[in-house]
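What follows is the content of work_14.cif, which has mmCIF, C-alpha atoms:
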```cif
data_coords
#
loop_
_atom_site.label_atom_id
_atom_site.label_comp_id
_atom_site.auth_asym_id
_atom_site.auth_seq_id
_atom_site.Cartn_x
_atom_site.Cartn_y
_atom_site.Cartn_z
CA MET R 1476 0.00 0.00 0.00
CA SER R 1477 1.39 3.34 -0.90
CA THR R 1478 0.99 6.28 1.37
CA ASP R 1479 0.82 9.43 -0.61
CA VAL R 1480 1.81 12.10 1.88
CA LYS R 1481 2.78 15.44 0.48
CA GLU R 1482 5.02 17.50 2.70
CA LYS R 1483 4.39 21.19 2.88
CA PRO R 1484 7.40 23.36 3.52
CA LEU R 1485 7.67 25.10 6.87
CA LYS R 1486 6.64 28.73 6.76
CA LYS R 1487 7.11 30.00 10.28
CA VAL R 1488 8.82 28.96 13.50
CA CYS R 1489 8.04 30.43 16.90
CA ILE R 1490 10.89 29.63 19.26
CA ILE R 1491 10.71 29.90 23.03
CA CYS R 1492 13.86 30.18 25.15
CA ALA R 1493 13.42 29.92 28.93
CA LYS R 1494 16.96 29.29 30.10
CA ALA R 1495 20.10 31.40 30.23
CA THR R 1496 22.82 28.84 29.63
CA ILE R 1497 24.97 29.20 26.52
CA GLU R 1498 23.65 25.92 25.14
CA ASP R 1499 19.98 26.81 25.57
CA VAL R 1500 20.35 30.30 24.16
CA TYR R 1501 22.46 29.14 21.23
CA ALA R 1502 19.99 26.40 20.39
CA THR R 1503 17.44 29.18 19.98
CA LEU R 1504 19.77 31.47 18.03
CA VAL R 1505 21.08 28.81 15.65
CA MET R 1506 17.59 27.53 14.88
CA ALA R 1507 16.19 31.02 14.39
CA ASN R 1508 19.04 32.12 12.14
CA GLY R 1509 18.85 28.89 10.19
CA ALA R 1510 15.15 29.54 9.67
CA VAL R 1511 15.46 33.07 8.29
CA MET R 1512 18.31 31.94 6.04
CA GLU R 1513 15.92 29.40 4.53
CA GLY R 1514 13.23 32.00 4.05
CA ILE R 1515 11.24 30.78 7.05
CA GLU R 1516 9.72 33.45 9.25
CA ALA R 1517 11.05 33.38 12.84
CA LYS R 1518 9.60 34.80 16.06
CA LEU R 1519 11.67 34.46 19.20
CA PHE R 1520 10.16 34.62 22.67
CA PHE R 1521 12.51 34.94 25.64
CA THR R 1522 11.07 34.16 29.03
CA PHE R 1523 12.23 33.42 32.58
CA PHE R 1524 16.01 33.08 32.71
CA GLY R 1525 16.13 33.12 28.95
CA LEU R 1526 15.64 36.88 29.27
CA ASP R 1527 19.35 37.13 30.09
CA ALA R 1528 20.04 36.58 26.39
CA ILE R 1529 18.32 39.85 25.48
CA THR R 1530 19.18 41.88 28.58
CA LYS R 1531 21.94 44.40 27.87
CA LYS R 1532 23.72 43.73 31.14
CA GLN R 1533 23.76 39.95 30.81
CA MET R 1534 23.79 39.05 27.12
CA SER R 1535 27.58 39.05 26.78
CA HIS R 1536 28.13 37.07 29.97
CA LEU R 1537 26.20 33.85 29.49
CA HIS R 1538 27.56 30.72 31.11
CA THR R 1539 27.42 27.04 30.45
CA GLU R 1540 26.30 24.71 33.22
CA THR R 1541 29.26 22.96 34.88
CA VAL R 1542 27.33 21.34 37.74
CA GLY R 1543 24.98 18.43 37.13
CA ASN R 1544 25.68 18.40 33.42
CA PRO R 1545 26.49 14.83 32.38
CA GLY R 1546 27.51 15.98 28.91
CA MET R 1547 30.44 17.95 30.32
CA ARG R 1548 33.84 16.38 29.73
CA MET R 1549 37.41 17.34 30.42
CA PRO R 1550 39.55 18.08 27.38
CA GLY R 1551 40.53 14.55 26.36
CA GLY R 1552 37.13 13.08 27.14
CA LEU R 1553 37.35 12.20 30.84
CA ALA R 1554 34.26 12.79 32.95
CA PHE R 1555 33.96 16.24 34.50
CA PRO R 1556 33.11 15.88 38.21
CA SER R 1557 30.34 18.19 39.38
CA VAL R 1558 32.38 19.15 42.47
CA LEU R 1559 34.95 20.64 40.14
CA GLY R 1560 32.25 22.70 38.49
CA MET R 1561 31.44 24.27 41.85
CA LEU R 1562 34.93 25.72 42.31
CA PRO R 1563 35.15 29.49 41.88
CA GLY R 1564 36.08 30.49 38.36
CA VAL R 1565 35.55 27.07 36.78
CA GLU R 1566 32.18 27.90 35.27
CA ALA R 1567 33.54 31.17 33.87
CA GLY R 1568 36.58 29.40 32.46
CA VAL R 1569 34.56 26.64 30.83
CA SER R 1570 32.14 29.20 29.42
CA ALA R 1571 34.95 31.28 27.94
CA MET R 1572 36.33 28.13 26.34
CA MET R 1573 32.95 27.26 24.85
CA MET R 1574 32.61 30.74 23.38
CA SER R 1575 36.10 30.66 21.88
CA GLN R 1576 35.44 27.25 20.33
CA MET R 1577 32.27 28.61 18.75
CA GLU R 1578 34.06 31.70 17.46
CA LYS R 1579 36.47 29.35 15.67
CA LEU R 1580 33.47 27.82 13.92
CA ASP R 1581 32.37 31.28 12.83
CA ILE R 1582 29.49 31.38 15.34
CA PRO R 1583 29.03 34.95 16.56
CA GLY R 1584 28.44 36.30 20.06
CA VAL R 1585 24.87 36.68 21.31
CA GLU R 1586 24.35 40.30 20.27
CA GLU R 1587 25.84 39.86 16.80
CA PHE R 1588 23.81 36.69 16.34
CA LEU R 1589 20.59 38.51 17.28
CA GLU R 1590 21.51 41.25 14.81
CA MET R 1591 21.97 38.64 12.07
CA ILE R 1592 18.56 37.17 12.83
CA THR R 1593 16.76 40.51 12.84
CA ALA R 1594 18.62 41.54 9.65
CA GLY R 1595 16.91 38.55 8.07
CA GLY R 1596 13.50 39.67 9.30
CA GLY R 1597 13.38 37.61 12.50
CA GLU R 1598 11.63 39.23 15.46
CA VAL R 1599 12.70 39.13 19.09
CA TYR R 1600 10.26 39.48 21.99
CA ALA R 1601 10.44 39.45 25.77
CA CYS R 1602 7.88 37.84 28.08
CA LYS R 1603 5.92 40.36 30.12
CA LEU R 1604 5.40 38.09 33.10
CA ALA R 1605 9.10 37.28 33.39
CA MET R 1606 9.99 40.96 32.96
CA ASP R 1607 7.71 41.82 35.89
CA MET R 1608 9.15 38.98 37.96
CA PHE R 1609 12.73 40.09 37.43
CA LYS R 1610 11.78 43.78 37.69
CA LEU R 1611 13.14 44.52 34.23
CA LYS R 1612 12.15 47.51 32.11
CA LYS R 1613 12.06 47.87 28.34
CA GLU R 1614 15.23 50.01 28.60
CA ASP R 1615 17.09 47.07 30.13
CA LEU R 1616 16.53 45.05 26.98
CA TRP R 1617 18.67 44.84 23.89
CA ASP R 1618 17.71 47.67 21.53
CA GLY R 1619 16.73 45.33 18.71
CA CYS R 1620 13.99 43.74 20.80
CA SER R 1621 10.65 44.28 19.06
CA GLY R 1622 8.55 44.39 22.19
CA VAL R 1623 7.25 42.87 25.40
CA LEU R 1624 4.42 40.37 25.03
CA THR R 1625 1.97 38.42 27.12
CA VAL R 1626 1.74 34.75 26.32
CA GLY R 1627 -1.57 35.47 24.61
CA ASP R 1628 0.07 38.05 22.35
CA PHE R 1629 2.74 35.51 21.49
CA TYR R 1630 0.22 32.82 20.60
CA GLY R 1631 -1.50 35.42 18.47
CA MET R 1632 1.67 35.51 16.34
CA CYS R 1633 1.85 31.76 15.97
CA GLY R 1634 -1.09 31.34 13.64
CA GLY R 1635 -1.02 30.36 9.99
CA ASP R 1636 -0.38 27.24 7.99
CA ASN R 1637 2.83 25.31 8.48
CA THR R 1638 3.85 27.08 11.65
CA GLN R 1639 5.70 25.32 14.44
CA ILE R 1640 6.30 26.27 18.04
CA ILE R 1641 9.67 25.11 19.28
CA PHE R 1642 10.66 25.11 22.93
CA THR R 1643 14.41 24.92 23.34
CA MET Z 174 25.24 13.97 -12.11
CA GLU Z 175 22.80 15.32 -14.62
CA GLN Z 176 23.48 17.59 -17.52
CA LYS Z 177 21.36 20.68 -17.86
CA THR Z 178 21.31 23.32 -20.52
CA ILE Z 179 21.35 26.76 -18.97
CA ALA Z 180 21.54 29.84 -21.16
CA GLY Z 181 22.38 27.61 -24.10
CA ILE Z 182 25.34 25.99 -22.37
CA SER Z 183 25.35 22.37 -21.26
CA VAL Z 184 26.55 22.20 -17.66
CA GLU Z 185 26.74 19.57 -14.95
CA VAL Z 186 24.38 20.18 -12.02
CA ASN Z 187 23.55 18.33 -8.80
CA PRO Z 188 19.95 17.28 -8.01
CA GLU Z 189 19.30 20.67 -6.38
CA GLY Z 190 20.45 22.50 -9.49
CA TYR Z 191 23.80 23.73 -8.18
CA LEU Z 192 26.62 23.76 -10.70
CA VAL Z 193 29.06 20.93 -10.10
CA LYS Z 194 31.93 22.63 -11.91
CA PRO Z 195 32.23 26.32 -10.98
CA GLU Z 196 34.49 26.83 -14.00
CA GLN Z 197 31.50 26.17 -16.30
CA TRP Z 198 29.81 29.30 -14.92
CA THR Z 199 29.16 32.35 -17.07
CA LYS Z 200 27.32 35.59 -16.46
CA GLU Z 201 24.53 34.39 -18.75
CA ILE Z 202 24.11 31.28 -16.59
CA ALA Z 203 23.90 33.52 -13.52
CA PHE Z 204 21.14 35.58 -15.12
CA GLU Z 205 19.14 32.48 -16.00
CA ILE Z 206 19.43 30.77 -12.58
CA ALA Z 207 18.57 34.08 -10.91
CA ALA Z 208 15.51 34.48 -13.10
CA GLU Z 209 14.33 31.01 -12.07
CA LEU Z 210 14.59 32.19 -8.46
CA GLY Z 211 12.75 35.39 -9.27
CA ILE Z 212 15.82 37.59 -8.85
CA GLU Z 213 16.88 40.24 -11.34
CA LEU Z 214 20.62 40.67 -11.14
CA THR Z 215 22.25 44.09 -10.76
CA ASP Z 216 25.90 45.16 -10.51
CA LYS Z 217 25.63 44.86 -6.73
CA HIS Z 218 24.56 41.22 -7.08
CA PHE Z 219 27.59 40.58 -9.26
CA GLU Z 220 29.91 42.11 -6.68
CA VAL Z 221 28.61 39.53 -4.21
CA LEU Z 222 28.81 36.71 -6.75
CA THR Z 223 32.40 37.59 -7.64
CA TYR Z 224 33.30 37.62 -3.93
CA LEU Z 225 31.65 34.23 -3.36
CA ARG Z 226 33.42 32.67 -6.34
CA LYS Z 227 36.76 34.07 -5.24
CA GLU Z 228 36.32 32.82 -1.65
CA HIS Z 229 35.13 29.43 -2.82
CA ALA Z 230 38.14 29.10 -5.13
CA ALA Z 231 40.36 29.96 -2.15
CA GLY Z 232 38.81 27.09 -0.19
CA THR Z 233 36.94 29.28 2.33
CA GLN Z 234 33.98 27.72 4.07
CA LEU Z 235 31.38 30.37 3.39
CA SER Z 236 28.87 31.61 5.94
CA ILE Z 237 26.45 34.49 5.94
CA ARG Z 238 28.58 36.09 8.65
CA LYS Z 239 31.66 36.07 6.41
CA VAL Z 240 29.77 37.71 3.58
CA GLY Z 241 28.45 40.29 6.06
CA LYS Z 242 32.01 41.15 7.01
CA SER Z 243 33.30 41.20 3.43
CA GLY Z 244 32.85 44.95 3.11
CA ILE Z 245 30.73 44.41 -0.01
CA VAL Z 246 27.33 44.15 1.62
CA ASP Z 247 26.01 43.84 5.16
CA ILE Z 248 23.72 41.00 6.17
CA LYS Z 249 20.57 43.05 5.80
CA GLY Z 250 21.70 44.06 2.34
CA LEU Z 251 22.42 40.45 1.45
CA TYR Z 252 18.86 39.47 2.41
CA ALA Z 253 17.58 42.34 0.27
CA LEU Z 254 19.59 41.12 -2.74
CA PHE Z 255 18.73 37.43 -2.33
CA PRO Z 256 15.41 37.27 -0.47
CA ALA Z 257 14.56 34.05 1.40
CA GLY Z 258 17.92 32.51 0.63
CA PRO Z 259 20.83 34.90 1.20
CA LEU Z 260 23.47 32.21 1.15
CA LYS Z 261 21.92 29.29 -0.72
CA PHE Z 262 20.52 31.38 -3.57
CA SER Z 263 23.61 33.55 -3.93
CA ALA Z 264 25.78 30.42 -4.03
CA LYS Z 265 23.51 28.81 -6.60
CA ILE Z 266 23.63 31.86 -8.84
CA ALA Z 267 27.40 32.13 -8.33
CA GLY Z 268 27.78 28.59 -9.65
CA ILE Z 269 29.44 27.24 -6.49
CA PRO Z 270 28.29 24.39 -4.22
CA LYS Z 271 25.63 25.01 -1.59
CA PRO Z 272 27.45 26.08 1.59
CA VAL Z 273 27.13 23.47 4.33
CA SER Z 274 27.41 25.95 7.20
CA CYS Z 275 24.59 26.22 9.78
CA VAL Z 276 25.32 29.91 10.19
#
```
When written as structure tokens, how does the structure in this file appear?
Amino acid sequence: MSTDVKEKPLKKVCIICAKATIEDVYATLVMANGAVMEGIEAKLFFTFFGLDAITKKQMSHLHTETVGNPGMRMPGGLAFPSVLGMLPGVEAGVSAMMMSQMEKLDIPGVEEFLEMITAGGGEVYACKLAMDMFKLKKEDLWDGCSGVLTVGDFYGMCGGDNTQIIFT
Amino acid sequence: MEQKTIAGISVEVNPEGYLVKPEQWTKEIAFEIAAELGIELTDKHFEVLTYLRKEHAAGTQLSIRKVGKSGIVDIKGLYALFPAGPLKFSAKIAGIPKPVSCV
């Protein structure tokens, strides 16, 4: 029996980022940039700790998780003990190493990456509830941010055929 | 690989229509591929195409970020020239392989 399923190309992705670690934020940025480069509309919604990625004060200082992260390894592949990750400076050191590795692969910093995405027509939004929780104002946000939305506003943008919501 | 006649010239293309041999490329081919993509080429387009071909010949792994820093066009400008496919369409029109970069 043949199944005749026709795939329809993706038209829009709505990506939610709720965490501030380098890996969570970059998952969002890479997917969003990849979308606009393919001609797919992209709306980004930063909420909870993910707001760090679009907060002027924090966006250049994101860290990777060194405690309780089973994917972490020492250079050479040995396991990375969580106790080590607790030592002062270790998280910052590991994070700096991650960022320099990415730079070598031509992956930009957070602000430049956001600029690339918005240059391609992507839109960046902050979550109102999280902004209130963290006592943040619009002025605290990266200048390229298109606005502050309630979850209802965000869903309002996620309509249309062939649209996907992605939670990184 | 299939043969395809573009602008009266028989060239080798991959299944996605990218030229397999960049040396087979001509300006006329560029115009025809661009037209298929709904793009009308201007001098500015050709500046980008020339840059891409030069970088590809030099073995550079192309990314949209590199083009943005080329001094020829910024990223916003690149999207304006090649809508909905700044890197893949420009590469296709430039007669070079589709860049494999995720950025």
**Request:** Dump as a PyMOL selection string the residues of chain Z that approach chain R to within 8 Å, counting only C-alpha atoms.
**Result:** chain Z and resi 236+238+248-249+252+256-261+275-276
Name the residues captured by the PyMOL selection byres ((chain Z and resi 211-216) around 12) when it is applied to the shown file; answer as a tab-separated table (two decimals) with C-alpha atoms, in the coordinates of the input.
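Written out: out.tsv:
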```tsv
chain	number	residue	atom	x	y	z
Z	200	LYS	CA	27.32	35.59	-16.46
Z	201	GLU	CA	24.53	34.39	-18.75
Z	202	ILE	CA	24.11	31.28	-16.59
Z	203	ALA	CA	23.90	33.52	-13.52
Z	204	PHE	CA	21.14	35.58	-15.12
Z	205	GLU	CA	19.14	32.48	-16.00
Z	206	ILE	CA	19.43	30.77	-12.58
Z	207	ALA	CA	18.57	34.08	-10.91
Z	208	ALA	CA	15.51	34.48	-13.10
Z	209	GLU	CA	14.33	31.01	-12.07
Z	210	LEU	CA	14.59	32.19	-8.46
Z	217	LYS	CA	25.63	44.86	-6.73
Z	218	HIS	CA	24.56	41.22	-7.08
Z	219	PHE	CA	27.59	40.58	-9.26
Z	220	GLU	CA	29.91	42.11	-6.68
Z	221	VAL	CA	28.61	39.53	-4.21
Z	222	LEU	CA	28.81	36.71	-6.75
Z	223	THR	CA	32.40	37.59	-7.64
Z	245	ILE	CA	30.73	44.41	-0.01
Z	252	TYR	CA	18.86	39.47	2.41
Z	253	ALA	CA	17.58	42.34	0.27
Z	254	LEU	CA	19.59	41.12	-2.74
Z	255	PHE	CA	18.73	37.43	-2.33
Z	256	PRO	CA	15.41	37.27	-0.47
Z	257	ALA	CA	14.56	34.05	1.40
Z	258	GLY	CA	17.92	32.51	0.63
Z	259	PRO	CA	20.83	34.90	1.20
Z	262	PHE	CA	20.52	31.38	-3.57
Z	263	SER	CA	23.61	33.55	-3.93
Z	265	LYS	CA	23.51	28.81	-6.60
Z	266	ILE	CA	23.63	31.86	-8.84
Z	267	ALA	CA	27.40	32.13	-8.33
```
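Put simply, the PyMOL selection byres ((chain R and resi 1495) around 8) in this file takes in Ala1493, Lys1494, Thr1496, Ile1497, Asp1499, Val1500, Phe1524, Gly1525, Leu1526, Asp1527, Ala1528, Leu1537 and His1538 of chain R.
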**Request:** Select, counting all atoms listed in the file, all protein, DNA and RNA residues no farther than 6 Å from (10.6, 35.9, 28.6) in file coordinates, and express the selection as a PyMOL selection string.
**Result:** chain R and resi 1521-1523+1526+1601-1602+1605
**Message:** Using the chain letters and numbers from this file, what does the PyMOL selection byres ((chain Z and resi 174) around 9) select? Give the answer as a ChimeraX atom specification.
**Reply:** /Z:175-176,185-188,193
Shell around Gly268 in chain Z at 7 Å using only C-alpha atoms, local window under 5 positions removed, as a PDB file with C-alpha atoms, in the frame of the given file:
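The resulting part.pdb:
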```pdb
ATOM      1  CA  TYR Z 191      23.800  23.730  -8.180  1.00  0.00           C
ATOM      2  CA  LEU Z 192      26.620  23.760 -10.700  1.00  0.00           C
ATOM      3  CA  PRO Z 195      32.230  26.320 -10.980  1.00  0.00           C
ATOM      4  CA  TRP Z 198      29.810  29.300 -14.920  1.00  0.00           C
TER       5      TRP Z 198
END
```
**Prompt:** In Å, with one decimal, what is the gap from CA of Leu225 in chain Z to CA of Ser183 in chain Z?
**Reply:** 22.4 Å
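Atom pair CA of Tyr1630 in chain R / CA of Glu1586 in chain R has a distance of 25.3 Å (rounded to one decimal).
Taking CA of Tyr1600 in chain R as the reference point, CA of Leu1519 in chain R is found at 5.9 Å.
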**Asked** Could you name the residues that touch Tyr224 in chain Z at 12 Å or less, counting all atoms listed in the file, but leaving out those on the same chain fewer than 6 positions away, as a VMD selection string?
**Response** chain Z and resid 217 to 218 230 to 231 233 235 239 to 246 263 to 264 267 269
Once you have the residues from the selection above, write them out as a PDB file, keeping the file's coordinate frame, restricted to C-alpha atoms.
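Everything below was put into selection24.pdb:
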```
ATOM      1  CA  LYS Z 217      25.630  44.860  -6.730  1.00  0.00           C
ATOM      2  CA  HIS Z 218      24.560  41.220  -7.080  1.00  0.00           C
ATOM      3  CA  ALA Z 230      38.140  29.100  -5.130  1.00  0.00           C
ATOM      4  CA  ALA Z 231      40.360  29.960  -2.150  1.00  0.00           C
ATOM      5  CA  THR Z 233      36.940  29.280   2.330  1.00  0.00           C
ATOM      6  CA  LEU Z 235      31.380  30.370   3.390  1.00  0.00           C
ATOM      7  CA  LYS Z 239      31.660  36.070   6.410  1.00  0.00           C
ATOM      8  CA  VAL Z 240      29.770  37.710   3.580  1.00  0.00           C
ATOM      9  CA  GLY Z 241      28.450  40.290   6.060  1.00  0.00           C
ATOM     10  CA  LYS Z 242      32.010  41.150   7.010  1.00  0.00           C
ATOM     11  CA  SER Z 243      33.300  41.200   3.430  1.00  0.00           C
ATOM     12  CA  GLY Z 244      32.850  44.950   3.110  1.00  0.00           C
ATOM     13  CA  ILE Z 245      30.730  44.410  -0.010  1.00  0.00           C
ATOM     14  CA  VAL Z 246      27.330  44.150   1.620  1.00  0.00           C
ATOM     15  CA  SER Z 263      23.610  33.550  -3.930  1.00  0.00           C
ATOM     16  CA  ALA Z 264      25.780  30.420  -4.030  1.00  0.00           C
ATOM     17  CA  ALA Z 267      27.400  32.130  -8.330  1.00  0.00           C
ATOM     18  CA  ILE Z 269      29.440  27.240  -6.490  1.00  0.00           C
TER      19      ILE Z 269
END
```
**Message:** Need to verify the contact set: range 1482-1491 of chain R, 7 Å, all atoms listed in the file, exclusion of same-chain residues closer than 4 positions in sequence. Can you return it as a ChimeraX atom specification?
**Reply:** /R:1503,1515-1521,1633,1637-1643
Range 185-194 of chain Z: axis-aligned bounding box, 5 Å on each side, centre and edge lengths in Å, one decimal, as AutoDock Vina command-line options:
```
--center_x 25.6 --center_y 20.5 --center_z -10.7 --size_x 22.6 --size_y 16.5 --size_z 18.6
```
